[in-house]
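Below is entry.csv, holding CSV, C-alpha atoms.
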```csv
chain,number,residue,atom,x,y,z
A,21,MET,CA,32.0,-20.2,-101.2
A,22,GLU,CA,31.1,-19.8,-97.5
A,23,THR,CA,34.8,-19.6,-96.6
A,24,VAL,CA,35.4,-16.9,-99.3
A,25,ASN,CA,32.4,-14.9,-98.1
A,26,ARG,CA,33.6,-14.8,-94.5
A,27,SER,CA,37.2,-13.9,-95.4
A,28,VAL,CA,36.2,-11.1,-97.7
A,29,SER,CA,33.5,-9.8,-95.5
A,30,SER,CA,35.3,-10.0,-92.2
A,31,GLU,CA,35.5,-6.2,-92.1
A,32,PHE,CA,34.0,-3.1,-93.8
A,33,VAL,CA,35.6,0.2,-94.7
A,34,PHE,CA,33.7,3.5,-94.2
A,35,LEU,CA,34.3,6.3,-96.7
A,36,GLY,CA,33.3,8.7,-93.9
A,37,LEU,CA,31.8,12.2,-94.2
A,38,THR,CA,34.4,14.2,-96.1
A,39,ASN,CA,38.1,14.2,-97.2
A,40,SER,CA,38.6,17.9,-96.3
A,41,TRP,CA,40.9,18.3,-93.3
A,42,HIS,CA,39.2,21.6,-92.4
A,43,ILE,CA,35.7,20.2,-92.5
A,44,GLN,CA,36.9,17.2,-90.6
A,45,LEU,CA,38.2,19.5,-87.8
A,46,LEU,CA,35.0,21.4,-87.7
A,47,LEU,CA,32.9,18.2,-87.6
A,48,PHE,CA,35.2,16.9,-84.9
A,49,LEU,CA,34.7,19.9,-82.7
A,50,LEU,CA,31.0,20.3,-83.3
A,51,SER,CA,30.2,16.6,-83.0
A,52,SER,CA,32.3,16.2,-79.8
A,53,VAL,CA,30.6,19.2,-78.1
A,54,LEU,CA,27.1,18.1,-79.1
A,55,TYR,CA,27.7,14.5,-78.1
A,56,VAL,CA,29.0,15.5,-74.7
A,57,ALA,CA,26.2,18.0,-74.3
A,58,SER,CA,23.5,15.5,-75.3
A,59,MET,CA,24.9,12.9,-72.9
A,60,MET,CA,25.0,15.4,-70.0
A,61,GLY,CA,21.5,16.8,-70.8
A,62,ASN,CA,19.8,13.5,-71.2
A,63,CYS,CA,21.5,12.0,-68.1
A,64,LEU,CA,20.5,15.2,-66.2
A,65,ILE,CA,16.9,14.6,-67.1
A,66,ILE,CA,17.0,10.9,-66.0
A,67,PHE,CA,18.7,11.9,-62.7
A,68,THR,CA,16.2,14.7,-62.0
A,69,VAL,CA,13.1,12.6,-62.7
A,70,ALA,CA,14.5,9.8,-60.5
A,71,TYR,CA,15.6,12.2,-57.8
A,72,ASP,CA,12.8,14.7,-57.5
A,73,PRO,CA,9.5,13.3,-55.9
A,74,HIS,CA,7.5,16.1,-57.6
A,75,LEU,CA,8.2,14.5,-61.0
A,76,ARG,CA,6.4,11.2,-60.3
A,77,SER,CA,3.8,11.7,-63.1
A,78,PRO,CA,3.5,9.4,-66.2
A,79,MET,CA,4.7,12.2,-68.4
A,80,TYR,CA,8.1,12.5,-66.7
A,81,PHE,CA,8.4,8.7,-66.5
A,82,LEU,CA,8.1,8.5,-70.3
A,83,LEU,CA,10.3,11.6,-70.7
A,84,SER,CA,13.1,10.0,-68.7
A,85,ASN,CA,12.9,6.8,-70.7
A,86,LEU,CA,13.0,8.8,-73.9
A,87,SER,CA,16.2,10.5,-72.6
A,88,PHE,CA,17.6,7.0,-71.9
A,89,ILE,CA,16.9,6.0,-75.5
A,90,ASP,CA,18.5,9.2,-76.8
A,91,VAL,CA,21.6,8.3,-74.9
A,92,GLY,CA,21.6,4.9,-76.7
A,93,ILE,CA,20.9,6.4,-80.1
A,94,SER,CA,23.8,8.9,-79.8
A,95,SER,CA,26.2,6.3,-78.4
A,96,ALA,CA,25.4,3.8,-81.1
A,97,THR,CA,27.1,5.8,-83.9
A,98,SER,CA,28.6,9.1,-82.6
A,99,PRO,CA,31.7,7.8,-80.7
A,100,LYS,CA,33.0,5.8,-83.6
A,101,MET,CA,32.2,8.5,-86.1
A,102,ILE,CA,34.2,11.0,-84.0
A,103,TYR,CA,37.0,8.6,-83.5
A,104,ASP,CA,37.2,7.8,-87.2
A,105,LEU,CA,37.2,11.4,-88.4
A,106,PHE,CA,41.0,11.7,-88.7
A,107,LYS,CA,41.7,8.1,-89.5
A,108,LYS,CA,42.8,7.2,-93.0
A,109,GLN,CA,41.3,3.7,-92.8
A,110,LYS,CA,37.9,3.8,-91.1
A,111,VAL,CA,37.2,0.1,-90.5
A,112,ILE,CA,34.5,-1.9,-88.6
A,113,SER,CA,34.3,-5.7,-88.2
A,114,TYR,CA,31.4,-7.7,-89.6
A,115,GLN,CA,30.3,-8.5,-86.1
A,116,GLY,CA,30.5,-4.8,-85.1
A,117,CYS,CA,28.5,-3.8,-88.2
A,118,VAL,CA,25.7,-6.2,-87.5
A,119,ILE,CA,25.6,-5.2,-83.8
A,120,GLN,CA,25.4,-1.5,-84.8
A,121,ILE,CA,22.5,-2.3,-87.2
A,122,PHE,CA,20.8,-4.2,-84.4
A,123,PHE,CA,21.0,-1.4,-81.9
A,124,ILE,CA,20.1,1.4,-84.3
A,125,HIS,CA,16.9,-0.3,-85.3
A,126,ALA,CA,16.0,-1.7,-81.8
A,127,ILE,CA,16.5,1.7,-80.2
A,128,GLY,CA,14.7,3.5,-83.0
A,129,GLY,CA,11.7,1.1,-82.7
A,130,VAL,CA,11.6,1.8,-78.9
A,131,GLU,CA,11.6,5.5,-79.5
A,132,MET,CA,8.8,5.3,-82.0
A,133,VAL,CA,6.5,3.6,-79.5
A,134,LEU,CA,7.6,5.9,-76.7
A,135,LEU,CA,6.7,9.0,-78.7
A,136,ILE,CA,3.2,7.4,-79.4
A,137,ALA,CA,2.9,6.7,-75.7
A,138,MET,CA,3.8,10.3,-74.9
A,139,ALA,CA,1.2,11.5,-77.4
A,140,PHE,CA,-1.4,9.3,-75.8
A,141,ASP,CA,-0.4,10.7,-72.4
A,142,ARG,CA,-0.9,14.3,-73.6
A,143,TYR,CA,-4.3,13.3,-75.2
A,144,VAL,CA,-5.6,11.9,-71.9
A,145,ALA,CA,-4.2,14.8,-69.9
A,146,ILE,CA,-5.6,17.5,-72.1
A,147,CYS,CA,-8.8,16.0,-73.4
A,148,LYS,CA,-9.9,13.8,-70.5
A,149,PRO,CA,-8.2,15.3,-67.4
A,150,LEU,CA,-10.7,13.8,-64.9
A,151,HIS,CA,-9.7,10.3,-66.1
A,152,TYR,CA,-5.9,11.0,-66.3
A,153,LEU,CA,-4.8,9.3,-63.0
A,154,THR,CA,-7.0,6.2,-63.6
A,155,THR,CA,-6.0,5.8,-67.3
A,156,MET,CA,-2.3,6.7,-67.0
A,157,ASN,CA,-1.7,4.5,-63.9
A,158,PRO,CA,1.7,2.9,-63.2
A,159,GLN,CA,0.6,-0.4,-64.8
A,160,MET,CA,-0.2,1.5,-68.1
A,161,CYS,CA,3.2,3.2,-68.0
A,162,ILE,CA,5.0,-0.2,-67.5
A,163,PHE,CA,2.9,-1.6,-70.3
A,164,PHE,CA,4.0,1.1,-72.7
A,165,LEU,CA,7.6,0.6,-71.7
A,166,ILE,CA,7.5,-3.2,-72.2
A,167,THR,CA,5.6,-2.8,-75.4
A,168,ALA,CA,8.2,-0.3,-76.7
A,169,TRP,CA,11.1,-2.7,-76.1
A,170,VAL,CA,9.3,-5.7,-77.5
A,171,VAL,CA,8.4,-3.9,-80.7
A,172,GLY,CA,11.9,-2.4,-81.0
A,173,VAL,CA,13.7,-5.7,-80.5
A,174,MET,CA,11.3,-7.6,-82.8
A,175,HIS,CA,11.6,-4.9,-85.5
A,176,SER,CA,15.4,-5.2,-85.3
A,177,VAL,CA,15.5,-9.0,-85.3
A,178,ILE,CA,13.3,-9.0,-88.4
A,179,GLN,CA,15.6,-6.6,-90.1
A,180,LEU,CA,18.7,-8.7,-89.3
A,181,ALA,CA,16.9,-11.8,-90.7
A,182,PHE,CA,17.0,-10.1,-94.1
A,183,ILE,CA,20.8,-9.8,-94.1
A,184,VAL,CA,22.2,-12.6,-92.0
A,185,ASN,CA,22.6,-14.9,-95.0
A,186,LEU,CA,23.5,-12.4,-97.6
A,187,PRO,CA,26.4,-13.6,-100.0
A,188,LEU,CA,28.9,-10.8,-99.3
A,189,CYS,CA,31.6,-11.7,-101.9
A,190,GLY,CA,32.1,-8.3,-103.5
A,191,PRO,CA,33.4,-4.9,-102.3
A,192,ASN,CA,33.5,-4.1,-98.6
A,193,ILE,CA,33.2,-0.3,-98.8
A,194,LEU,CA,30.3,1.5,-97.2
A,195,ASP,CA,29.8,5.1,-98.3
A,196,SER,CA,28.7,6.2,-94.9
A,197,PHE,CA,30.1,6.7,-91.3
A,198,TYR,CA,28.1,3.9,-89.7
A,199,CYS,CA,26.4,0.6,-90.7
A,200,ASP,CA,22.8,0.6,-91.8
A,201,LEU,CA,20.7,-1.7,-94.0
A,202,PRO,CA,20.5,0.3,-97.3
A,203,GLN,CA,24.3,0.6,-97.6
A,204,PHE,CA,24.9,-2.9,-96.3
A,205,ILE,CA,22.5,-4.6,-98.7
A,206,LYS,CA,24.2,-3.0,-101.7
A,207,LEU,CA,27.4,-5.0,-101.0
A,208,ALA,CA,25.6,-8.3,-101.7
A,209,CYS,CA,26.6,-10.1,-104.9
A,210,MET,CA,23.0,-10.8,-105.9
A,211,ASP,CA,19.9,-9.1,-107.1
A,212,THR,CA,18.8,-7.1,-104.0
A,213,TYR,CA,15.7,-5.4,-105.4
A,214,ARG,CA,13.2,-7.6,-103.4
A,215,LEU,CA,15.3,-7.4,-100.3
A,216,GLU,CA,15.5,-3.6,-100.5
A,217,LEU,CA,11.8,-3.5,-101.0
A,218,LEU,CA,11.2,-5.6,-97.9
A,219,VAL,CA,13.4,-3.3,-95.9
A,220,SER,CA,11.6,-0.3,-97.2
A,221,ILE,CA,8.3,-1.9,-96.4
A,222,ASN,CA,9.4,-2.9,-92.9
A,223,SER,CA,11.2,0.3,-91.7
A,224,GLY,CA,9.5,2.7,-94.1
A,225,PHE,CA,6.0,1.6,-93.2
A,226,MET,CA,6.8,1.6,-89.5
A,227,SER,CA,8.2,5.1,-89.7
A,228,VAL,CA,5.4,6.6,-91.8
A,229,ALA,CA,2.6,4.9,-89.9
A,230,SER,CA,4.0,6.0,-86.5
A,231,PHE,CA,4.5,9.5,-87.9
A,232,PHE,CA,0.9,9.8,-89.1
A,233,ILE,CA,-0.5,8.3,-85.9
A,234,LEU,CA,1.3,11.0,-84.0
A,235,ILE,CA,0.3,13.9,-86.2
A,236,ILE,CA,-3.4,12.8,-86.3
A,237,SER,CA,-3.4,12.5,-82.5
A,238,TYR,CA,-2.0,16.0,-82.1
A,239,ILE,CA,-4.7,17.4,-84.5
A,240,VAL,CA,-7.4,15.6,-82.5
A,241,ILE,CA,-6.1,17.2,-79.3
A,242,ILE,CA,-6.0,20.7,-80.8
A,243,PHE,CA,-9.5,20.4,-82.2
A,244,THR,CA,-10.8,19.0,-78.9
A,245,VAL,CA,-9.3,21.9,-76.9
A,246,LEU,CA,-10.7,24.4,-79.4
A,247,LYS,CA,-14.2,22.8,-79.0
A,248,HIS,CA,-14.2,22.9,-75.2
A,249,SER,CA,-12.2,26.0,-74.3
A,250,SER,CA,-10.5,28.5,-76.6
A,251,SER,CA,-8.7,29.9,-73.5
A,252,SER,CA,-6.7,26.7,-73.1
A,253,TYR,CA,-5.7,26.6,-76.8
A,254,HIS,CA,-2.4,28.5,-76.4
A,255,LYS,CA,-1.4,26.4,-73.3
A,256,ALA,CA,-2.1,23.2,-75.2
A,257,LEU,CA,-0.4,24.4,-78.3
A,258,SER,CA,2.7,25.3,-76.3
A,259,THR,CA,2.8,21.9,-74.8
A,260,LEU,CA,2.2,20.1,-78.1
A,261,SER,CA,4.7,22.2,-80.0
A,262,ALA,CA,7.6,20.6,-78.1
A,263,HIS,CA,6.3,17.1,-78.9
A,264,VAL,CA,5.7,17.9,-82.6
A,265,THR,CA,9.2,19.3,-82.9
A,266,VAL,CA,10.8,16.2,-81.5
A,267,VAL,CA,8.6,14.0,-83.7
A,268,VAL,CA,9.6,15.9,-86.9
A,269,LEU,CA,13.3,15.8,-86.0
A,270,PHE,CA,13.2,12.1,-85.3
A,271,PHE,CA,10.9,10.8,-88.1
A,272,GLY,CA,12.1,13.2,-90.9
A,273,PRO,CA,15.5,11.5,-91.5
A,274,ALA,CA,14.0,8.0,-90.9
A,275,ILE,CA,11.3,8.4,-93.5
A,276,PHE,CA,13.8,9.8,-96.0
A,277,PHE,CA,16.2,6.9,-95.5
A,278,TYR,CA,13.7,4.1,-96.0
A,279,THR,CA,11.0,5.5,-98.4
A,280,TRP,CA,12.8,7.9,-100.8
A,281,PRO,CA,13.3,6.0,-104.0
A,282,SER,CA,16.6,7.6,-105.2
A,283,SER,CA,18.3,9.5,-102.5
A,284,SER,CA,21.5,11.6,-102.6
A,285,THR,CA,24.5,10.1,-100.7
A,286,GLN,CA,25.6,13.5,-99.5
A,287,LEU,CA,22.1,14.3,-98.3
A,288,ASP,CA,21.9,10.9,-96.6
A,289,LYS,CA,25.1,11.6,-94.8
A,290,PHE,CA,23.9,15.1,-93.6
A,291,LEU,CA,20.6,13.7,-92.3
A,292,ALA,CA,22.4,10.8,-90.7
A,293,LEU,CA,24.8,13.1,-89.0
A,294,PHE,CA,21.9,15.3,-87.9
A,295,ASP,CA,20.0,12.3,-86.6
A,296,ALA,CA,23.0,10.9,-84.7
A,297,VAL,CA,24.4,14.0,-83.2
A,298,VAL,CA,22.0,16.9,-83.3
A,299,THR,CA,18.6,15.4,-82.5
A,300,PRO,CA,19.7,13.7,-79.2
A,301,PHE,CA,21.1,17.1,-78.1
A,302,LEU,CA,17.9,19.0,-79.1
A,303,ASN,CA,15.5,16.7,-77.3
A,304,PRO,CA,16.5,17.6,-73.8
A,305,VAL,CA,16.8,21.3,-74.8
A,306,ILE,CA,13.3,21.3,-76.2
A,307,TYR,CA,11.7,19.5,-73.3
A,308,THR,CA,13.6,21.3,-70.5
A,309,LEU,CA,13.7,24.9,-71.7
A,310,ARG,CA,9.9,24.9,-72.3
A,311,ASN,CA,9.1,23.1,-69.1
A,312,GLN,CA,9.1,25.3,-65.9
A,313,GLU,CA,8.4,22.3,-63.6
A,314,MET,CA,11.5,20.5,-64.9
A,315,GLN,CA,13.6,23.6,-64.6
A,316,MET,CA,12.5,24.1,-60.9
A,317,ALA,CA,13.2,20.4,-60.2
A,318,MET,CA,16.7,20.7,-61.6
A,319,ARG,CA,17.3,23.8,-59.4
A,320,ARG,CA,16.1,21.9,-56.4
A,321,ALA,CA,18.3,18.9,-57.1
A,322,PHE,CA,21.3,21.2,-57.7
A,323,SER,CA,20.7,23.1,-54.5
A,324,GLN,CA,20.4,20.0,-52.4
A,325,LEU,CA,23.5,18.4,-53.9
A,326,MET,CA,25.4,21.6,-53.2
A,327,GLY,CA,24.1,21.7,-49.7
A,328,TYR,CA,25.2,18.1,-49.1
A,329,ARG,CA,28.6,18.9,-50.5
A,330,GLN,CA,29.0,21.9,-48.1
A,331,ILE,CA,28.0,19.8,-45.1
A,332,SER,CA,30.3,17.0,-45.9
```
Conversion result in structure tokens:
Amino acid sequence: METVNRSVSSEFVFLGLTNSWHIQLLLFLLSSVLYVASMMGNCLIIFTVAYDPHLRSPMYFLLSNLSFIDVGISSATSPKMIYDLFKKQKVISYQGCVIQIFFIHAIGGVEMVLLIAMAFDRYVAICKPLHYLTTMNPQMCIFFLITAWVVGVMHSVIQLAFIVNLPLCGPNILDSFYCDLPQFIKLACMDTYRLELLVSINSGFMSVASFFILIISYIVIIFTVLKHSSSSYHKALSTLSAHVTVVVLFFGPAIFFYTWPSSSTQLDKFLALFDAVVTPFLNPVIYTLRNQEMQMAMRRAFSQLMGYRQIS
């Protein structure tokens, strides 16, 4: 039986997003542009934070790591999805499928912790500004980063433990454009109710719990600002609105995937496409267009690079 399982499950076939040639062409153009733009935007944020000495604060350290994670999230699914759009047979190997699942959940877990760390950073900066430098010291930033990666990798390894010994002796067709646990588990030739429940508890609880922690922290910040100084309310609200937007964009699809009892396949695909292509593009736009300090740092970096090029 083990030999049969391996031979049948050596590769999986994606049904993809659509069979319409015109929609495929539109998706190819849109996804390619957004993927390139998200890569350039996030890499520009990473470069600017590393290059500009004025951006040595904990907030920008966390922001640059979030951009690095967004590069990983986008690259885990988008390139193959774009490559497969015009292929009749959209195939991925068993090993490639498992690796994709690992990176999706590992990187997703890291981003959840980073978003919580960024919320904590904003809480200290707005509510306890006199203690900001002592609380958000370099050691605390490194602690947040290490914790994020440990949580992300452990979360992903636990998820893989659910599926590594699944008897895959049935169909090998995934009604999606990338590998993830809900679709993967459905291919097992066994009763997967308990397994699906475990996955929902693991990923769903982590997503919902992190989302509510973030929302509660933002509410606490807003009420604290209102209590101390109503004049600072609009400034704090402007700062937090960018964070809240990113949180909703990231957690919305994740919560839907792992907690919705009977989801629509087409809606799943739309949210998955949005999460894989659009969200990594919007994150740098949201953080940079609303941040004058980041814009000035990018102008300084660009001016200095142009100056060096003219001299050379």
(request) Between atom CA of A:Phe32 and atom CA of A:Phe270, measure the distance and give it in Å to one decimal. (result)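 Separation between atom CA of A:Phe32 and atom CA of A:Phe270: 27.1 Å.
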(request) Tell me, as a ChimeraX atom specification, which residues lie within 12 Å of A:Val53, counting all atoms listed in the file; anything in the same chain fewer than 6 positions away does not count. (result) /A:46-47,59-61,98-99,102,297-298,301
Neighbour residues at most 12 Å from (0.5, 2.6, -66.4) (only C-alpha atoms) as a tab-separated table (two decimals) with C-alpha atoms, keeping the file's coordinate frame:
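And here's part23.tsv as it stands now:
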```tsv
chain	number	residue	atom	x	y	z
A	77	SER	CA	3.80	11.70	-63.10
A	78	PRO	CA	3.50	9.40	-66.20
A	79	MET	CA	4.70	12.20	-68.40
A	81	PHE	CA	8.40	8.70	-66.50
A	82	LEU	CA	8.10	8.50	-70.30
A	137	ALA	CA	2.90	6.70	-75.70
A	138	MET	CA	3.80	10.30	-74.90
A	140	PHE	CA	-1.40	9.30	-75.80
A	141	ASP	CA	-0.40	10.70	-72.40
A	152	TYR	CA	-5.90	11.00	-66.30
A	153	LEU	CA	-4.80	9.30	-63.00
A	154	THR	CA	-7.00	6.20	-63.60
A	155	THR	CA	-6.00	5.80	-67.30
A	156	MET	CA	-2.30	6.70	-67.00
A	157	ASN	CA	-1.70	4.50	-63.90
A	158	PRO	CA	1.70	2.90	-63.20
A	159	GLN	CA	0.60	-0.40	-64.80
A	160	MET	CA	-0.20	1.50	-68.10
A	161	CYS	CA	3.20	3.20	-68.00
A	162	ILE	CA	5.00	-0.20	-67.50
A	163	PHE	CA	2.90	-1.60	-70.30
A	164	PHE	CA	4.00	1.10	-72.70
A	165	LEU	CA	7.60	0.60	-71.70
A	166	ILE	CA	7.50	-3.20	-72.20
A	167	THR	CA	5.60	-2.80	-75.40
```
(request) Name all residues at most 6 Å from stretch 179-195 of chain A (count all atoms listed in the file; drop same-chain ones fewer than 3 positions away) and give them as a count of residues only. (result) 8
(message) I need the residue nearest A:Gln109 from this list: A:Gly36, A:Ile275, A:Tyr71, A:Leu64. Use all atoms listed in the file for the distance.
(response)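 The shortest atom-to-atom distance to A:Gln109 comes from A:Gly36.
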